[in-house]
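Q: After the structure tokens below, expect a handful of questions from me.
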Amino acid sequence: IGLWDIRTKREIRHFSTMNLSAASPPARFSPDGRLLLIRSPNRRLCLIEANSGLELRCVQDTPGLSTFTAFSPAGDAIISLANFPTASGSYEATIRVWDSKTGTEVHSFKIPDYTQGAVSPVGQVIALRTWHSTRLYNWKTGDMVGELFPGVGGAPIVFFSPDGRWLAIGSPKGTSIFDTSTGQEKWKFSAFSTVIDAKFSPDGQFVLTTDFGGVTSVWDFSTGKQVCAFASFNDG
């Protein structure tokens with residue numbers, strides 16, 4: 001993992017990630033940008049001071065296939081999800097929560113298999129995409145607080161709006177936008193092929209979606225209409 005200065009385009013620091021699989025979660029910045037959360041080769045989650053590269057503390061992560069890590073909105077907790085095979089041949093996941101200041105585990109609970117997760121930037125909600133639905137949990141208590149149904153299948157994409165109310169979910173034919181407070185679908189943005197990414201703009205006024213064919217579309221959130229689209233090509 002490289003830490004780069006975007007103004008000079010130079011690498012400031014490099015962190016070894018030997019023996020990590022492609023499914024390992026990416027490094028995460030804390031909300032204030034001071035810390036990096038990195039999963040080390042020995043399955044530890046380590047907090048690194050971004051400016052100095054100093055390792056502050058590490059916690060021992062679950063030995064399963066950890067595919068998601070995140071900070072809480074306030075940066076006071078670390079959240080990790082890992083999938084485990086069961087005797088029946090299916091998978092179940094474990095959510096673990098640590099105090100980021102002390103490294104003490106404060107909570108853990110089990111949930112059904114998931115494919116992708118997102119932590120709301122407001123409150124204590126985590127969204128977990130499964131094959132059949134997207135479930136909303138309170139990551140502090142482990143209680144399920146809602147379930148959304150964008151359709152069976154679709155891309156494993158979940159992304160919250162800046163205010164935490166709206167959730168973009170990969171659906172079989174594009175991207176669905178749900179109101180997490182009511183469970184109702186507000187918009188469905190179509191795509192030419194499977195959507196591989198979806199993001200809200202920082203002000204929440206637009207949604208960007210990118211499909212497997214390389215088309216990125218910009219949608220007006222207030223009207224649900226496409227504003228423009230960009231196509232990228234890999235053949236030069």
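Ligands are numbered from 1 in the order shown, residues from 1 within each chain, and chains are lettered A, B, ... in the order they appear in the structure tokens.
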For A:Arg96, work out the shell of residues within 10 Å, counting only C-alpha atoms and skipping chain neighbours fewer than 5 positions away, then give it as a PyMOL selection string.
A: chain A and resi 61-62+69+78-82+105-110+139-140+142
Q: Name the residues in contact with A:Leu45 at a cut-off of 7 Å, using only C-alpha atoms, excluding same-chain residues fewer than 6 positions from it; report them as a list in words.
A: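 Non-adjacent residues within range: Leu37, Ile38, Arg39, Cys58, Val59, Gln60 and Asp61 of chain A.
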Q: Looking at only C-alpha atoms, which of A:Ser232, A:Thr134, A:Thr8, A:Gln124 is the one that sits closest to A:Pro112?
A: A:Thr134
Q: Contacts of A:Gln116 at 10 Å or less, counting only C-alpha atoms, minus same-chain residues fewer than 3 places along, as a count of residues only?
A: 14
Q: Got a sec: who's within 7 Å of A:Trp187, counting only C-alpha atoms, leaving out chain neighbours fewer than 3 positions off, as a count of residues only?
A: 3
Q: Taking 4 positions as the minimum chain separation for residues in the same chain, which residues sit within 10 Å of A:Thr209 when counting only C-alpha atoms? Answer as a list in words.
A: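 Residues meeting the cut-off are Ala168, Gly170, Gly174, Thr175, Phe189, Ser190, Ala191, Val195, Ile196, Asp197, Ala198, Lys199, Phe200, Val215, Thr216, Ser217, Val218, Trp219 and Ala229 of chain A.
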Q: Please identify all polymer residues within 10 Å of A:Arg57, counting only C-alpha atoms, omitting same-chain residues fewer than 6 positions from it, and present them as a list in words.
A: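 The contact residues come out as Arg44, Leu45, Cys46, Leu47, Ile48, Glu49, Ser100, Lys101, Thr102 and Gly103 of chain A.
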Q: Do you have the atom CA of A:Ile95-atom CA of A:Ser30 distance handy?
A: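 Atom CA of A:Ile95 sits 18.8 Å away from atom CA of A:Ser30.
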Q: Between A:Leu136, A:Val207, A:Ala70, A:Met144, which one has atoms that come closest to A:Pro162, using only C-alpha atoms?
A: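 Comparing A:Leu136, A:Val207, A:Ala70, A:Met144 against A:Pro162, the winner is A:Val207.
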Q: Hey, can you check how far atom CA of A:Gly53 sits from atom CA of A:Arg10?
A: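 These atoms are spaced 15.6 Å apart.
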Q: If I take atom CA of A:Pro73 and atom CA of A:Asp32, how far is one from the other in Å, to one decimal?
A: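 Taking atom CA of A:Pro73 and atom CA of A:Asp32, their separation equals 9.8 Å.
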Q: Go through A:Phe71, A:Phe212, A:Phe149, A:Tyr137 one by one, measure the shortest atom-to-atom distance of each to A:Ile169 using only C-alpha atoms, and give the residue with the smallest value.
A: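 Nearest to A:Ile169: A:Phe149.
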